[in-house]
Amino acid sequence: MGDDLPTPAPGDRAAAPDRRRQRGDASAQRIIDATIDVIADEGLAAVTMQRVAARVGSSNALVVFHFGSKDNLFRAVLQFLSDQFELLWAAMVRTPDKPPEQRLLAAIDCAQHFSRQHPNWVSAWVVFGSDRRTLQVDRMISLPNDLTYKNEARALIEDVARSYGYPDVDADSLAESLNYLVQGAWYWDNANPDAVQQGALRKGALMLLSHVFPRHFSADSSSD
C-alpha cells in the first residue's frame, strides 16, 4: 500500500541501540568528570547530586538515573580513575620489548605523567583515600591494582639485578620505597600545590636507583 512505512534495514535496527548506549555512556562520563571537578575544587562534602547536575548543565534526575545514589557515583568515579591509570601503566610500563631498567624508570614516569596531565584526577583520588567515609571503597577498588603495580616494579628490580650482576639487592624494600615516593609525592603535591617542584619525584627515584644500580642509573640524569 502507498502509505506503508519503509521497514528499517537490520543494520539500522542494530545501530539504534548502539547510538543510545553511546549517548548514555557519554552522559554518564560527563557526570563523572563533573564530580571529579567538584571534589578537586571543593572537597567531598560539597558533592551533591544537585551540585554535580549544575556543573553538567542537566537535571538532578539525570544524575540519579545514571548512578542512583551518591555512593554509587563515588564508586564510578574511583573505578574510572583506577581504569585510567591502568591504561597508562599498561602503555608505559608493560612494554616487554624494552630493557627492564627503562621499564622501571617508566613506572616512575607513569605516576608523574598522570599527575601532570590530570591534576584534578589525582586531587580527587587523594581526597578519596584521605576521607574515612570513602577510604574503604577506595581500598576495595584501588588497592588490588596498587599491589599489582608494586609487584611488577619488584619483578623489574629483580630482572635488573639478575641481568646485570647486582647481587644481594633487596627487591622488596626497593619496590616499597619507590611506592612510598610515588604515593607521598601525590599526597604532598595535593596538600601543597604552590610548593610543587617539577621533576622532584623522578629525581628522588633516580637518587635511590643510582645507589642500588650505579652502572645503570644516574642521579644526574634526572631531566624530564
# chains A, B, ... in the order shown; residues from 1 in each chain; ligands from 1
$ closest_atom_pairs --of "range 61-150 of chain A" --to "range 198-206 of chain A" --cutoff "10 Å" --atoms "only C-alpha atoms" --output "Markdown table"
| residue | atom | partner | partner_atom | distance |
| --- | --- | --- | --- | --- |
| A:Leu105 | CA | A:Leu206 | CA | 8.1 |
| A:Ala106 | CA | A:Arg202 | CA | 9.8 |
| A:Ile108 | CA | A:Arg202 | CA | 6.4 |
| A:Asp109 | CA | A:Arg202 | CA | 6.9 |
| A:Ala111 | CA | A:Leu201 | CA | 8.9 |
| A:Gln112 | CA | A:Leu201 | CA | 7.1 |
| A:Arg116 | CA | A:Gln198 | CA | 9.1 |
$ residues_around --residues "Leu174 in chain A" --least-positions-apart "2" --cutoff "9 Å" --atoms "only C-alpha atoms" --output "list in words"
Arg154, Ile157, Val169, Asp170, Ala171, Asp172, Glu176, Ser177, Leu178, Asn179, Leu208, Leu209 and Val212 of chain A
$ select_by_dssp --residues "chain A" --states "alpha helix (DSSP H)" --output "MDAnalysis selection string"
chainID A and resid 10:42 49:56 60:67 70:92 100:117 119:130 135:164 171:191 200:212
$ residues_around --residues "Gly129 in chain A" --least-positions-apart "5" --cutoff "12 Å" --atoms "only C-alpha atoms" --output "list in words"
Leu44, Phe74, Leu78, Val122, Ser123, Ala124, Thr134, Leu135, Gln136, Val137, Asp138, Arg139, Met140, Ile141, Ser142, Leu143, Gln183, Trp186 and Tyr187 of chain A
$ write_last_selection --atoms "N, CA and C atoms" --output "PDB file, in the first residue's frame"
ATOM      1  N   LEU A  44      34.913  16.525  49.209  1.00  0.00           N
ATOM      2  CA  LEU A  44      33.814  15.558  49.159  1.00  0.00           C
ATOM      3  C   LEU A  44      32.515  16.116  49.733  1.00  0.00           C
ATOM      4  N   PHE A  74      30.320   7.814  43.613  1.00  0.00           N
ATOM      5  CA  PHE A  74      31.702   7.779  44.098  1.00  0.00           C
ATOM      6  C   PHE A  74      32.420   6.524  43.614  1.00  0.00           C
ATOM      7  N   LEU A  78      35.819   6.435  41.287  1.00  0.00           N
ATOM      8  CA  LEU A  78      37.022   5.701  41.668  1.00  0.00           C
ATOM      9  C   LEU A  78      37.386   4.642  40.632  1.00  0.00           C
ATOM     10  N   VAL A 122      44.125  13.344  40.160  1.00  0.00           N
ATOM     11  CA  VAL A 122      44.947  12.969  41.303  1.00  0.00           C
ATOM     12  C   VAL A 122      44.415  13.622  42.577  1.00  0.00           C
ATOM     13  N   SER A 123      43.998  14.878  42.498  1.00  0.00           N
ATOM     14  CA  SER A 123      43.446  15.552  43.675  1.00  0.00           C
ATOM     15  C   SER A 123      42.217  14.810  44.208  1.00  0.00           C
ATOM     16  N   ALA A 124      41.330  14.440  43.313  1.00  0.00           N
ATOM     17  CA  ALA A 124      40.133  13.715  43.740  1.00  0.00           C
ATOM     18  C   ALA A 124      40.497  12.362  44.332  1.00  0.00           C
ATOM     19  N   THR A 134      35.123   7.373  52.627  1.00  0.00           N
ATOM     20  CA  THR A 134      35.329   6.741  51.318  1.00  0.00           C
ATOM     21  C   THR A 134      36.579   5.877  51.271  1.00  0.00           C
ATOM     22  N   LEU A 135      37.317   5.827  52.378  1.00  0.00           N
ATOM     23  CA  LEU A 135      38.586   5.099  52.381  1.00  0.00           C
ATOM     24  C   LEU A 135      38.392   3.624  52.046  1.00  0.00           C
ATOM     25  N   GLN A 136      37.357   3.010  52.616  1.00  0.00           N
ATOM     26  CA  GLN A 136      37.146   1.584  52.375  1.00  0.00           C
ATOM     27  C   GLN A 136      36.823   1.296  50.914  1.00  0.00           C
ATOM     28  N   VAL A 137      36.018   2.157  50.307  1.00  0.00           N
ATOM     29  CA  VAL A 137      35.688   1.975  48.891  1.00  0.00           C
ATOM     30  C   VAL A 137      36.934   2.164  48.036  1.00  0.00           C
ATOM     31  N   ASP A 138      37.747   3.153  48.398  1.00  0.00           N
ATOM     32  CA  ASP A 138      38.988   3.386  47.668  1.00  0.00           C
ATOM     33  C   ASP A 138      39.899   2.170  47.768  1.00  0.00           C
ATOM     34  N   ARG A 139      40.011   1.606  48.948  1.00  0.00           N
ATOM     35  CA  ARG A 139      40.842   0.420  49.115  1.00  0.00           C
ATOM     36  C   ARG A 139      40.315  -0.742  48.282  1.00  0.00           C
ATOM     37  N   MET A 140      39.019  -0.915  48.275  1.00  0.00           N
ATOM     38  CA  MET A 140      38.428  -2.025  47.542  1.00  0.00           C
ATOM     39  C   MET A 140      38.704  -1.926  46.045  1.00  0.00           C
ATOM     40  N   ILE A 141      38.643  -0.701  45.506  1.00  0.00           N
ATOM     41  CA  ILE A 141      38.801  -0.509  44.070  1.00  0.00           C
ATOM     42  C   ILE A 141      40.267  -0.320  43.680  1.00  0.00           C
ATOM     43  N   SER A 142      40.997   0.467  44.449  1.00  0.00           N
ATOM     44  CA  SER A 142      42.350   0.870  44.048  1.00  0.00           C
ATOM     45  C   SER A 142      43.445  -0.064  44.537  1.00  0.00           C
ATOM     46  N   LEU A 143      43.276  -0.618  45.732  1.00  0.00           N
ATOM     47  CA  LEU A 143      44.378  -1.373  46.334  1.00  0.00           C
ATOM     48  C   LEU A 143      44.826  -2.580  45.516  1.00  0.00           C
ATOM     49  N   GLN A 183      53.414   7.553  46.148  1.00  0.00           N
ATOM     50  CA  GLN A 183      52.242   7.893  46.955  1.00  0.00           C
ATOM     51  C   GLN A 183      52.468   9.187  47.730  1.00  0.00           C
ATOM     52  N   TRP A 186      52.241  12.319  45.460  1.00  0.00           N
ATOM     53  CA  TRP A 186      50.865  12.687  45.140  1.00  0.00           C
ATOM     54  C   TRP A 186      50.198  13.410  46.307  1.00  0.00           C
ATOM     55  N   TYR A 187      50.357  12.881  47.504  1.00  0.00           N
ATOM     56  CA  TYR A 187      49.711  13.491  48.668  1.00  0.00           C
ATOM     57  C   TYR A 187      50.338  14.849  48.997  1.00  0.00           C
TER      58      TYR A 187
END
$ closest_residue --among "A:Val160, A:Val56, A:Ala34, A:Ala153" --to "Trp89 in chain A" --atoms "only C-alpha atoms"
A:Ala153
$ residues_around --residues "Pro100 in chain A" --least-positions-apart "4" --cutoff "12 Å" --atoms "only C-alpha atoms" --output "PyMOL selection string"
chain A and resi 93-96+104-107+152-164+216-217
$ write_last_selection --atoms "C-alpha atoms" --output "mmCIF file, in the first residue's frame"
data_model
loop_
_atom_site.group_PDB
_atom_site.id
_atom_site.type_symbol
_atom_site.label_atom_id
_atom_site.label_comp_id
_atom_site.auth_asym_id
_atom_site.auth_seq_id
_atom_site.Cartn_x
_atom_site.Cartn_y
_atom_site.Cartn_z
ATOM 1 C CA VAL A 93 55.448 0.003 31.714
ATOM 2 C CA ARG A 94 54.157 -3.245 30.225
ATOM 3 C CA THR A 95 56.495 -2.995 27.281
ATOM 4 C CA PRO A 96 58.413 -6.299 27.075
ATOM 5 C CA LEU A 104 61.480 0.518 35.880
ATOM 6 C CA LEU A 105 62.050 4.203 35.270
ATOM 7 C CA ALA A 106 58.873 4.294 33.178
ATOM 8 C CA ALA A 107 56.957 3.186 36.272
ATOM 9 C CA GLU A 152 55.547 -5.580 38.790
ATOM 10 C CA ALA A 153 58.108 -2.984 39.888
ATOM 11 C CA ARG A 154 59.669 -5.554 42.207
ATOM 12 C CA ALA A 155 59.890 -8.039 39.321
ATOM 13 C CA LEU A 156 61.649 -5.408 37.208
ATOM 14 C CA ILE A 157 64.083 -4.702 40.044
ATOM 15 C CA GLU A 158 64.839 -8.414 40.272
ATOM 16 C CA ASP A 159 65.303 -8.539 36.497
ATOM 17 C CA VAL A 160 67.804 -5.658 36.538
ATOM 18 C CA ALA A 161 69.711 -7.242 39.421
ATOM 19 C CA ARG A 162 69.809 -10.664 37.777
ATOM 20 C CA SER A 163 70.563 -9.459 34.252
ATOM 21 C CA TYR A 164 73.365 -7.036 35.115
ATOM 22 C CA HIS A 216 72.526 1.707 35.055
ATOM 23 C CA PHE A 217 71.043 4.750 36.777
#
$ atom_distance --atom1 "CA of Ile36 in chain A" --atom2 "CA of Val182 in chain A"
20.9 Å
$ decode --residues "range 18-56 of chain A" --atoms "N, CA and C atoms" --output "PDB file, in the first residue's frame"
ATOM      1  N   ASP A  18      22.907   0.935  19.777  1.00  0.00           N
ATOM      2  CA  ASP A  18      24.301   1.302  19.960  1.00  0.00           C
ATOM      3  C   ASP A  18      24.453   2.805  20.129  1.00  0.00           C
ATOM      4  N   ARG A  19      23.720   3.550  19.318  1.00  0.00           N
ATOM      5  CA  ARG A  19      23.794   5.009  19.438  1.00  0.00           C
ATOM      6  C   ARG A  19      23.237   5.477  20.764  1.00  0.00           C
ATOM      7  N   ARG A  20      22.140   4.867  21.215  1.00  0.00           N
ATOM      8  CA  ARG A  20      21.583   5.232  22.519  1.00  0.00           C
ATOM      9  C   ARG A  20      22.563   4.908  23.635  1.00  0.00           C
ATOM     10  N   ARG A  21      23.239   3.755  23.516  1.00  0.00           N
ATOM     11  CA  ARG A  21      24.216   3.366  24.534  1.00  0.00           C
ATOM     12  C   ARG A  21      25.391   4.340  24.552  1.00  0.00           C
ATOM     13  N   GLN A  22      25.829   4.753  23.349  1.00  0.00           N
ATOM     14  CA  GLN A  22      26.933   5.708  23.282  1.00  0.00           C
ATOM     15  C   GLN A  22      26.553   7.045  23.901  1.00  0.00           C
ATOM     16  N   ARG A  23      25.319   7.503  23.624  1.00  0.00           N
ATOM     17  CA  ARG A  23      24.866   8.760  24.229  1.00  0.00           C
ATOM     18  C   ARG A  23      24.776   8.624  25.739  1.00  0.00           C
ATOM     19  N   GLY A  24      24.273   7.466  26.192  1.00  0.00           N
ATOM     20  CA  GLY A  24      24.177   7.237  27.630  1.00  0.00           C
ATOM     21  C   GLY A  24      25.536   7.191  28.290  1.00  0.00           C
ATOM     22  N   ASP A  25      26.503   6.519  27.648  1.00  0.00           N
ATOM     23  CA  ASP A  25      27.852   6.449  28.193  1.00  0.00           C
ATOM     24  C   ASP A  25      28.490   7.832  28.248  1.00  0.00           C
ATOM     25  N   ALA A  26      28.271   8.620  27.207  1.00  0.00           N
ATOM     26  CA  ALA A  26      28.844   9.974  27.175  1.00  0.00           C
ATOM     27  C   ALA A  26      28.232  10.845  28.269  1.00  0.00           C
ATOM     28  N   SER A  27      26.927  10.682  28.482  1.00  0.00           N
ATOM     29  CA  SER A  27      26.249  11.441  29.535  1.00  0.00           C
ATOM     30  C   SER A  27      26.784  11.058  30.905  1.00  0.00           C
ATOM     31  N   ALA A  28      26.945   9.764  31.146  1.00  0.00           N
ATOM     32  CA  ALA A  28      27.482   9.298  32.430  1.00  0.00           C
ATOM     33  C   ALA A  28      28.903   9.800  32.636  1.00  0.00           C
ATOM     34  N   GLN A  29      29.707   9.814  31.565  1.00  0.00           N
ATOM     35  CA  GLN A  29      31.084  10.280  31.696  1.00  0.00           C
ATOM     36  C   GLN A  29      31.141  11.760  32.035  1.00  0.00           C
ATOM     37  N   ARG A  30      30.248  12.553  31.457  1.00  0.00           N
ATOM     38  CA  ARG A  30      30.217  13.975  31.805  1.00  0.00           C
ATOM     39  C   ARG A  30      29.917  14.164  33.283  1.00  0.00           C
ATOM     40  N   ILE A  31      29.060  13.324  33.813  1.00  0.00           N
ATOM     41  CA  ILE A  31      28.732  13.408  35.241  1.00  0.00           C
ATOM     42  C   ILE A  31      29.944  13.018  36.089  1.00  0.00           C
ATOM     43  N   ILE A  32      30.643  11.970  35.694  1.00  0.00           N
ATOM     44  CA  ILE A  32      31.855  11.567  36.412  1.00  0.00           C
ATOM     45  C   ILE A  32      32.888  12.688  36.372  1.00  0.00           C
ATOM     46  N   ASP A  33      33.090  13.285  35.203  1.00  0.00           N
ATOM     47  CA  ASP A  33      34.055  14.381  35.067  1.00  0.00           C
ATOM     48  C   ASP A  33      33.672  15.558  35.969  1.00  0.00           C
ATOM     49  N   ALA A  34      32.390  15.873  35.997  1.00  0.00           N
ATOM     50  CA  ALA A  34      31.929  16.989  36.830  1.00  0.00           C
ATOM     51  C   ALA A  34      32.124  16.680  38.311  1.00  0.00           C
ATOM     52  N   THR A  35      31.894  15.444  38.699  1.00  0.00           N
ATOM     53  CA  THR A  35      32.083  15.052  40.101  1.00  0.00           C
ATOM     54  C   THR A  35      33.542  15.193  40.499  1.00  0.00           C
ATOM     55  N   ILE A  36      34.431  14.767  39.635  1.00  0.00           N
ATOM     56  CA  ILE A  36      35.862  14.911  39.909  1.00  0.00           C
ATOM     57  C   ILE A  36      36.216  16.384  40.118  1.00  0.00           C
ATOM     58  N   ASP A  37      35.692  17.251  39.278  1.00  0.00           N
ATOM     59  CA  ASP A  37      35.995  18.675  39.393  1.00  0.00           C
ATOM     60  C   ASP A  37      35.465  19.254  40.707  1.00  0.00           C
ATOM     61  N   VAL A  38      34.270  18.845  41.103  1.00  0.00           N
ATOM     62  CA  VAL A  38      33.719  19.334  42.371  1.00  0.00           C
ATOM     63  C   VAL A  38      34.594  18.888  43.533  1.00  0.00           C
ATOM     64  N   ILE A  39      34.982  17.614  43.530  1.00  0.00           N
ATOM     65  CA  ILE A  39      35.817  17.095  44.617  1.00  0.00           C
ATOM     66  C   ILE A  39      37.162  17.812  44.655  1.00  0.00           C
ATOM     67  N   ALA A  40      37.787  17.969  43.493  1.00  0.00           N
ATOM     68  CA  ALA A  40      39.095  18.617  43.433  1.00  0.00           C
ATOM     69  C   ALA A  40      39.023  20.077  43.872  1.00  0.00           C
ATOM     70  N   ASP A  41      37.936  20.747  43.522  1.00  0.00           N
ATOM     71  CA  ASP A  41      37.812  22.173  43.822  1.00  0.00           C
ATOM     72  C   ASP A  41      37.293  22.442  45.226  1.00  0.00           C
ATOM     73  N   GLU A  42      36.361  21.578  45.688  1.00  0.00           N
ATOM     74  CA  GLU A  42      35.635  21.915  46.917  1.00  0.00           C
ATOM     75  C   GLU A  42      35.608  20.806  47.968  1.00  0.00           C
ATOM     76  N   GLY A  43      36.077  19.615  47.628  1.00  0.00           N
ATOM     77  CA  GLY A  43      36.085  18.532  48.597  1.00  0.00           C
ATOM     78  C   GLY A  43      34.852  17.655  48.515  1.00  0.00           C
ATOM     79  N   LEU A  44      34.913  16.525  49.209  1.00  0.00           N
ATOM     80  CA  LEU A  44      33.814  15.558  49.159  1.00  0.00           C
ATOM     81  C   LEU A  44      32.515  16.116  49.733  1.00  0.00           C
ATOM     82  N   ALA A  45      32.627  16.929  50.778  1.00  0.00           N
ATOM     83  CA  ALA A  45      31.419  17.438  51.433  1.00  0.00           C
ATOM     84  C   ALA A  45      30.577  18.293  50.498  1.00  0.00           C
ATOM     85  N   ALA A  46      31.203  18.842  49.474  1.00  0.00           N
ATOM     86  CA  ALA A  46      30.480  19.708  48.534  1.00  0.00           C
ATOM     87  C   ALA A  46      29.708  18.922  47.487  1.00  0.00           C
ATOM     88  N   VAL A  47      29.938  17.616  47.399  1.00  0.00           N
ATOM     89  CA  VAL A  47      29.314  16.823  46.344  1.00  0.00           C
ATOM     90  C   VAL A  47      27.881  16.497  46.712  1.00  0.00           C
ATOM     91  N   THR A  48      26.970  17.002  45.910  1.00  0.00           N
ATOM     92  CA  THR A  48      25.565  16.607  45.961  1.00  0.00           C
ATOM     93  C   THR A  48      25.121  16.323  44.537  1.00  0.00           C
ATOM     94  N   MET A  49      24.047  15.585  44.412  1.00  0.00           N
ATOM     95  CA  MET A  49      23.532  15.321  43.078  1.00  0.00           C
ATOM     96  C   MET A  49      23.182  16.632  42.380  1.00  0.00           C
ATOM     97  N   GLN A  50      22.642  17.589  43.151  1.00  0.00           N
ATOM     98  CA  GLN A  50      22.259  18.872  42.567  1.00  0.00           C
ATOM     99  C   GLN A  50      23.486  19.649  42.088  1.00  0.00           C
ATOM    100  N   ARG A  51      24.567  19.629  42.905  1.00  0.00           N
ATOM    101  CA  ARG A  51      25.769  20.367  42.534  1.00  0.00           C
ATOM    102  C   ARG A  51      26.399  19.774  41.274  1.00  0.00           C
ATOM    103  N   VAL A  52      26.438  18.468  41.207  1.00  0.00           N
ATOM    104  CA  VAL A  52      27.003  17.815  40.030  1.00  0.00           C
ATOM    105  C   VAL A  52      26.148  18.102  38.799  1.00  0.00           C
ATOM    106  N   ALA A  53      24.838  18.010  38.959  1.00  0.00           N
ATOM    107  CA  ALA A  53      23.930  18.279  37.840  1.00  0.00           C
ATOM    108  C   ALA A  53      24.111  19.698  37.325  1.00  0.00           C
ATOM    109  N   ALA A  54      24.309  20.632  38.235  1.00  0.00           N
ATOM    110  CA  ALA A  54      24.503  22.024  37.821  1.00  0.00           C
ATOM    111  C   ALA A  54      25.788  22.170  37.009  1.00  0.00           C
ATOM    112  N   ARG A  55      26.822  21.452  37.387  1.00  0.00           N
ATOM    113  CA  ARG A  55      28.084  21.518  36.633  1.00  0.00           C
ATOM    114  C   ARG A  55      27.916  20.959  35.229  1.00  0.00           C
ATOM    115  N   VAL A  56      27.113  19.911  35.131  1.00  0.00           N
ATOM    116  CA  VAL A  56      26.887  19.285  33.829  1.00  0.00           C
ATOM    117  C   VAL A  56      25.921  20.104  32.987  1.00  0.00           C
TER     118      VAL A  56
END
